[in-house]
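So this block is my_file-v6.txt, compact mmCIF, C-alpha atoms:
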```
# COMPACT_ATOMS: atom_id res chain seq x y z
CA MET N 15 104.98 96.35 88.62
CA THR N 16 108.29 94.50 88.88
CA GLU N 17 111.30 96.58 89.90
CA TYR N 18 114.54 95.64 88.18
CA ILE N 19 117.50 96.09 90.54
CA ARG N 20 121.05 95.78 89.30
CA ARG N 21 123.58 94.16 91.56
CA GLY N 22 125.00 96.83 93.87
CA ASP N 23 122.01 99.19 93.55
CA LEU N 24 119.71 97.86 96.27
CA ALA N 25 120.85 100.40 98.90
CA ASP N 26 119.85 103.27 96.60
CA SER N 27 116.30 101.87 96.31
CA VAL N 28 115.59 101.13 99.98
CA TYR N 29 114.22 104.60 100.78
CA ASN N 30 111.76 104.60 97.87
CA PHE N 31 110.72 101.04 98.73
CA SER N 32 109.70 102.19 102.22
CA PHE N 33 106.70 103.99 100.67
CA ARG N 34 105.29 100.64 99.50
CA PRO N 35 104.10 97.69 101.61
CA HIS N 36 105.12 95.15 98.98
CA VAL N 37 107.74 95.17 96.24
CA GLU N 38 108.20 92.61 93.49
CA MET N 39 111.87 92.77 92.57
CA GLU N 40 113.83 91.27 89.71
CA TYR N 41 117.43 91.12 90.89
CA GLU N 42 120.50 90.90 88.70
CA GLY N 43 122.25 88.05 90.46
CA ASP N 44 121.50 84.86 92.34
CA PHE N 45 120.32 84.34 95.92
CA ASP N 46 123.86 84.35 97.32
CA ASP N 47 124.62 87.65 95.56
CA LEU N 48 121.52 89.24 97.08
CA ARG N 49 122.36 87.89 100.54
CA ASP N 50 125.89 89.28 100.30
CA GLU N 51 124.64 92.66 99.11
CA ILE N 52 122.20 92.92 102.01
CA HIS N 53 124.97 91.98 104.41
CA ASP N 54 127.23 94.75 103.03
CA MET N 55 124.60 97.50 102.66
CA HIS N 56 125.40 99.04 106.05
CA ALA N 57 128.68 100.29 104.59
CA ILE N 58 126.80 102.16 101.86
CA LYS N 59 123.77 103.46 103.72
CA ASP N 60 123.54 104.43 107.39
CA GLY N 61 120.98 102.61 109.48
CA ILE N 62 120.80 99.40 107.43
CA VAL N 63 121.11 96.24 109.52
CA ALA N 64 121.28 92.75 108.02
CA LEU N 65 119.25 90.10 109.86
CA PRO N 66 120.71 86.76 108.77
CA SER N 67 119.13 84.68 111.56
CA LEU N 68 115.66 86.01 110.83
CA GLY N 69 116.29 85.37 107.14
CA LYS N 70 117.09 81.72 107.84
CA SER N 71 114.01 81.33 110.04
CA ILE N 72 111.69 82.53 107.26
CA ARG N 73 113.68 80.69 104.56
CA GLY N 74 114.50 83.95 102.85
CA LEU N 75 116.42 87.11 103.65
CA ALA N 76 115.79 89.99 106.04
CA PHE N 77 117.15 93.40 106.88
CA ALA N 78 116.11 96.56 108.71
CA ASP N 79 116.19 100.26 107.87
CA THR N 80 116.46 101.75 111.35
CA GLU N 81 116.45 105.36 110.10
CA ASN N 82 112.92 104.93 108.73
CA GLN N 83 112.04 102.28 111.34
CA VAL N 84 110.94 99.65 108.84
CA GLY N 85 112.10 96.11 108.20
CA TRP N 86 112.04 93.92 105.12
CA MET N 87 111.45 90.21 104.65
CA VAL N 88 112.57 88.94 101.26
CA PHE N 89 111.29 85.71 99.71
CA HIS N 90 112.53 84.05 96.54
CA ARG N 91 109.64 83.50 94.16
CA SER N 92 111.21 82.05 91.01
CA GLY N 93 114.19 82.71 88.79
CA ASP N 94 115.48 86.23 89.49
CA VAL N 95 112.20 87.43 91.05
CA TYR N 96 111.80 88.13 94.78
CA ASP N 97 108.93 89.34 96.94
CA MET N 98 109.79 92.00 99.52
CA GLU N 99 107.42 92.60 102.44
CA ARG N 100 107.66 95.81 104.48
CA HIS N 101 106.97 95.77 108.24
CA TYR N 102 107.04 98.39 110.95
CA LEU N 103 110.23 97.72 112.89
CA SER N 104 108.39 97.80 116.22
CA GLU N 105 106.13 95.02 114.91
CA MET N 106 108.91 93.10 113.20
CA VAL N 107 110.77 92.48 116.48
CA ASN N 108 107.61 90.74 117.72
CA HIS N 109 106.89 88.89 114.47
CA ASP N 110 106.43 85.13 114.54
CA GLY N 111 109.50 84.91 112.32
CA TYR N 112 111.52 85.77 115.41
CA LEU N 113 109.46 84.47 118.31
CA ALA N 114 108.24 81.13 116.99
CA CYS N 115 111.70 79.93 115.94
CA MET N 116 113.79 81.04 118.90
CA TRP N 117 113.73 77.65 120.54
CA LYS N 118 115.42 75.99 117.55
CA MET N 119 117.46 78.72 115.81
CA GLU N 120 120.85 79.51 117.30
CA GLY N 121 121.59 83.23 117.50
CA LEU N 122 118.03 84.36 116.78
CA ARG N 123 117.38 85.69 120.29
CA GLU N 124 120.68 87.62 120.31
CA GLU N 125 119.93 89.13 116.90
CA ARG N 126 116.49 90.24 118.06
CA ASP N 127 117.89 91.74 121.26
CA GLU N 128 120.42 93.75 119.25
CA LEU N 129 117.71 94.96 116.86
CA MET N 130 115.41 95.96 119.71
CA GLU N 131 118.12 98.35 120.94
CA LEU N 132 117.73 100.17 117.60
CA THR N 133 113.93 100.06 117.56
CA GLY N 134 111.70 102.87 118.77
CA GLU N 135 107.94 103.06 119.25
CA MET N 136 104.85 103.67 117.16
CA VAL N 137 102.76 106.53 118.59
CA ARG N 138 99.36 107.55 117.24
CA VAL N 139 99.49 111.32 116.83
CA ALA N 140 96.10 111.85 115.19
CA SER N 141 92.91 110.01 114.29
CA SER N 142 89.85 110.82 112.22
CA THR N 143 86.20 109.92 112.60
CA GLU N 144 86.46 108.94 108.94
CA GLY N 145 88.77 106.03 109.85
CA MET N 146 92.12 107.64 109.14
CA ASP N 147 94.91 107.24 111.72
CA LEU N 148 98.35 108.84 111.69
CA TYR N 149 101.25 107.16 113.50
CA ARG N 150 104.77 108.40 114.16
CA ALA N 151 107.64 105.95 114.37
CA THR N 152 110.50 107.06 116.58
CA THR N 153 114.07 105.87 116.75
CA ALA N 154 115.42 104.17 119.87
CA ASP N 155 116.37 107.56 121.35
CA GLY N 156 112.87 108.95 120.78
CA SER N 157 113.63 111.07 117.70
CA PRO N 158 110.93 111.16 114.97
CA ALA N 159 111.83 108.75 112.17
CA SER N 160 108.81 108.46 109.88
CA TYR N 161 105.04 108.88 109.69
CA TRP N 162 102.50 106.29 108.61
CA LEU N 163 98.93 107.07 107.55
CA GLU N 164 96.45 104.20 107.89
CA HIS N 165 93.34 104.68 105.78
CA GLY N 166 89.91 103.28 106.54
CA ASP N 167 90.28 100.70 103.76
CA GLY N 168 93.43 99.28 105.37
CA LYS N 169 95.88 101.00 103.01
CA VAL N 170 99.04 102.29 104.71
CA THR N 171 101.01 105.25 103.32
CA HIS N 172 104.48 106.41 104.36
CA LEU N 173 104.55 110.22 104.68
CA LEU N 174 107.32 112.74 105.08
CA THR N 175 106.89 114.97 108.16
CA PRO N 176 105.49 118.10 106.41
CA TYR N 177 102.93 116.03 104.52
CA ALA N 178 101.89 114.25 107.73
CA ILE N 179 101.08 117.60 109.37
CA GLU N 180 99.43 118.81 106.17
CA ALA N 181 97.20 115.72 106.06
CA VAL N 182 95.94 116.44 109.58
CA LEU N 183 95.24 120.12 108.91
CA MET N 184 93.52 119.37 105.59
CA HIS N 185 91.14 117.03 107.45
CA ALA N 186 90.88 119.17 110.59
CA ASP N 187 87.06 119.00 110.64
CA HIS N 188 87.20 115.31 111.58
CA MET N 189 90.53 114.98 113.41
CA THR N 190 91.51 114.38 117.02
CA VAL N 191 95.16 115.24 117.69
CA ASN N 192 97.39 113.86 120.43
CA ALA N 193 98.63 117.15 121.89
CA SER N 194 101.02 115.28 124.22
CA ALA N 195 103.03 113.95 121.26
CA GLY N 196 105.34 116.99 121.37
CA ASN N 197 105.39 120.75 120.88
CA VAL N 198 104.64 120.58 117.16
CA TRP N 199 101.60 118.39 117.72
CA SER N 200 100.44 120.59 120.58
CA MET N 201 100.41 123.49 118.10
CA VAL N 202 98.63 121.40 115.45
CA ALA N 203 96.06 120.31 118.05
CA ALA N 204 95.32 123.96 118.85
CA MET N 205 94.84 124.74 115.15
CA VAL N 206 92.51 121.77 114.71
CA SER N 207 90.53 122.78 117.80
CA ALA N 208 90.20 126.34 116.48
CA ARG N 209 88.91 125.06 113.14
CA GLN N 210 86.30 122.86 114.82
CA SER N 211 85.20 125.72 117.08
CA TYR N 212 84.84 127.89 114.00
CA LEU N 213 82.46 125.34 112.49
CA GLU N 214 80.52 124.84 115.72
CA PHE N 215 79.76 128.48 116.50
CA ASP N 216 78.56 131.52 114.59
CA THR N 217 80.94 131.97 111.67
CA ASP N 218 79.74 135.56 111.25
CA SER N 219 80.89 136.50 114.74
CA ASP N 220 84.01 138.58 115.36
CA ASP N 221 85.99 135.39 116.01
CA GLY N 222 84.65 133.83 112.84
CA ARG N 223 85.62 136.81 110.70
CA GLU N 224 89.12 136.83 112.17
CA PHE N 225 89.48 133.11 111.57
CA ARG N 226 88.53 133.56 107.91
CA CYS N 227 91.41 136.03 107.58
CA LEU N 228 93.79 133.06 107.75
CA ALA N 229 92.85 132.31 104.14
CA ASN N 230 94.63 135.52 103.10
CA MET N 231 97.84 134.76 105.01
CA ASP N 232 101.01 133.32 103.54
CA LEU N 233 101.15 130.37 105.94
CA ARG N 234 104.43 129.14 104.47
CA LEU N 235 106.04 132.47 105.42
CA VAL N 236 104.49 132.28 108.90
CA ILE N 237 105.70 128.74 109.51
CA HIS N 238 109.17 129.67 108.28
CA SER N 239 109.33 132.53 110.76
CA LEU N 240 108.39 130.11 113.56
CA THR N 241 110.96 127.49 112.66
CA LYS N 242 114.00 129.54 111.58
CA GLU N 243 116.91 129.62 113.99
```

Would you mind writing the file out in structure tokens?
Amino acid sequence: MTEYIRRGDLADSVYNFSFRPHVEMEYEGDFDDLRDEIHDMHAIKDGIVALPSLGKSIRGLAFADTENQVGWMVFHRSGDVYDMERHYLSEMVNHDGYLACMWKMEGLREERDELMELTGEMVRVASSTEGMDLYRATTADGSPASYWLEHGDGKVTHLLTPYAIEAVLMHADHMTVNASAGNVWSMVAAMVSARQSYLEFDTDSDDGREFRCLANMDLRLVIHSLTKE
């Protein structure tokens, strides 16, 4: 499906675009208008960084959303239509678009160095025997920025934090959790381990009966009591 973007509205669409690996965009304006809008987006939305040198190296346009730790490469297809490719920011700084052209593009190395200062890491927080892996992207200071779920078929989904944790707990039977990824994931790891122990041993035991009582709890109320200030 082609997304129609009016001139001046691109910044409002960037967050929704981050949920999709590829966007076909029809833009109201020419290439220069789009380049100028990308250059000025930082004034409208925090965390947006224009990458003009990378754009020149790929013969298109490029920018980064450092709050969600993703980057975009934009290629003109025809007329008013553009293809937008989403990349993890930690991978984008090592993309051939940067590295292969550094020897001939002035300013490309400096641009990459500046972007790397805003780029965090991708950490795998959980994996499933069914081929599902959950990664957390962090900002440069180590704060959680976004979660990415890689499915066995190669599909990648951007998840908000509560849905990332929910996905792990809903598939607890098959999950291995990285308990060292932080206090929250240490707690989730314990819950996953308890679920797997429940399946492994006698579910009619005293422990099993107590575990089944969780089904009658208001877990939203419990979690709220744990997280309120």

Quick one: axis-aligned box around all listed atoms of stretch 144-148 of chain N, 5 Å on every side, centre and edge lengths in Å to one decimal, written as lines of an AutoDock Vina configuration file.
```
center_x = 92.4
center_y = 107.5
center_z = 110.3
size_x = 21.9
size_y = 12.9
size_z = 12.8
```

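Across the structure, atom CA of N:Asp110 and atom CA of N:Glu164 are spaced 22.5 Å apart.
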
Taking (126.8, 90.8, 95.5) in the coordinates of the supplied file, I want to know which residues reach to within 7 Å of it, counting all atoms listed in the file; could you give the answer as a short mmCIF file (atom, residue, chain, number, x, y, z; two decimals) with C-alpha atoms, in the coordinates of the input?
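Result file follows (result-v8.cif):
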```
data_model
loop_
_atom_site.label_atom_id
_atom_site.label_comp_id
_atom_site.auth_asym_id
_atom_site.auth_seq_id
_atom_site.Cartn_x
_atom_site.Cartn_y
_atom_site.Cartn_z
CA ARG N 21 123.58 94.16 91.56
CA GLY N 22 125.00 96.83 93.87
CA ASP N 47 124.62 87.65 95.56
CA LEU N 48 121.52 89.24 97.08
CA ASP N 50 125.89 89.28 100.30
CA GLU N 51 124.64 92.66 99.11
#
```

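Using only C-alpha atoms, the contacts of N:Arg209 at a cut-off of 8 Å, with sequence neighbours closer than 3 positions omitted, comprise Ala186, Asp187, Met205, Val206, Tyr212 and Leu213 of chain N.
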
Mind writing the picked residues with C-alpha atoms as a short mmCIF file (atom, residue, chain, number, x, y, z; two decimals), keeping the file's coordinate frame?
```
data_model
loop_
_atom_site.label_atom_id
_atom_site.label_comp_id
_atom_site.auth_asym_id
_atom_site.auth_seq_id
_atom_site.Cartn_x
_atom_site.Cartn_y
_atom_site.Cartn_z
CA ALA N 186 90.88 119.17 110.59
CA ASP N 187 87.06 119.00 110.64
CA MET N 205 94.84 124.74 115.15
CA VAL N 206 92.51 121.77 114.71
CA TYR N 212 84.84 127.89 114.00
CA LEU N 213 82.46 125.34 112.49
#
```

statement: Residue with the minimum atom-to-atom distance to N:Ala64, picked from N:Ala25, N:Asp218, N:His90, N:His185 with all atoms listed in the file counted, is N:Ala25

Select all residues near (104.6, 104.9, 117.5) (cut-off 7 Å, inclusive, file coordinates), counting only C-alpha atoms, and output them as a PDB file with C-alpha atoms, keeping the file's coordinate frame.
```pdb
ATOM      1  CA  GLU N 135     107.940 103.060 119.250  1.00  0.00           C
ATOM      2  CA  MET N 136     104.850 103.670 117.160  1.00  0.00           C
ATOM      3  CA  VAL N 137     102.760 106.530 118.590  1.00  0.00           C
ATOM      4  CA  ARG N 138      99.360 107.550 117.240  1.00  0.00           C
ATOM      5  CA  TYR N 149     101.250 107.160 113.500  1.00  0.00           C
ATOM      6  CA  ARG N 150     104.770 108.400 114.160  1.00  0.00           C
ATOM      7  CA  ALA N 151     107.640 105.950 114.370  1.00  0.00           C
ATOM      8  CA  THR N 152     110.500 107.060 116.580  1.00  0.00           C
TER       9      THR N 152
END
```

- request: Identify which of the residues N:Arg91, N:Arg226, N:Lys242, N:Arg100 lies closest to N:Asp79, counting all atoms listed in the file when measuring atom-to-atom distances.
  value: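 Among N:Arg91, N:Arg226, N:Lys242, N:Arg100, it is N:Arg100 that comes nearest to N:Asp79.
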
Output file: stretch 121-142 of chain N, C-alpha atoms, as a PDB file, in the first residue's frame:
```
ATOM      1  CA  GLY N 121      32.438  14.179   5.326  1.00  0.00           C
ATOM      2  CA  LEU N 122      31.056  10.638   5.414  1.00  0.00           C
ATOM      3  CA  ARG N 123      33.386   9.426   8.170  1.00  0.00           C
ATOM      4  CA  GLU N 124      32.629  12.477  10.337  1.00  0.00           C
ATOM      5  CA  GLU N 125      28.883  11.999   9.862  1.00  0.00           C
ATOM      6  CA  ARG N 126      29.137   8.344  10.858  1.00  0.00           C
ATOM      7  CA  ASP N 127      31.230   9.175  13.924  1.00  0.00           C
ATOM      8  CA  GLU N 128      28.628  11.707  15.055  1.00  0.00           C
ATOM      9  CA  LEU N 129      25.805   9.209  14.516  1.00  0.00           C
ATOM     10  CA  MET N 130      27.641   6.483  16.417  1.00  0.00           C
ATOM     11  CA  GLU N 131      27.658   8.749  19.475  1.00  0.00           C
ATOM     12  CA  LEU N 132      23.844   8.589  19.354  1.00  0.00           C
ATOM     13  CA  THR N 133      23.654   4.854  18.663  1.00  0.00           C
ATOM     14  CA  GLY N 134      23.163   2.217  21.327  1.00  0.00           C
ATOM     15  CA  GLU N 135      23.276  -1.577  21.154  1.00  0.00           C
ATOM     16  CA  MET N 136      20.991  -4.432  20.188  1.00  0.00           C
ATOM     17  CA  VAL N 137      20.681  -6.966  23.019  1.00  0.00           C
ATOM     18  CA  ARG N 138      18.815 -10.268  22.725  1.00  0.00           C
ATOM     19  CA  VAL N 139      16.582 -10.477  25.780  1.00  0.00           C
ATOM     20  CA  ALA N 140      14.716 -13.679  24.925  1.00  0.00           C
ATOM     21  CA  SER N 141      14.674 -16.517  22.415  1.00  0.00           C
ATOM     22  CA  SER N 142      12.317 -19.362  21.637  1.00  0.00           C
TER      23      SER N 142
END
```
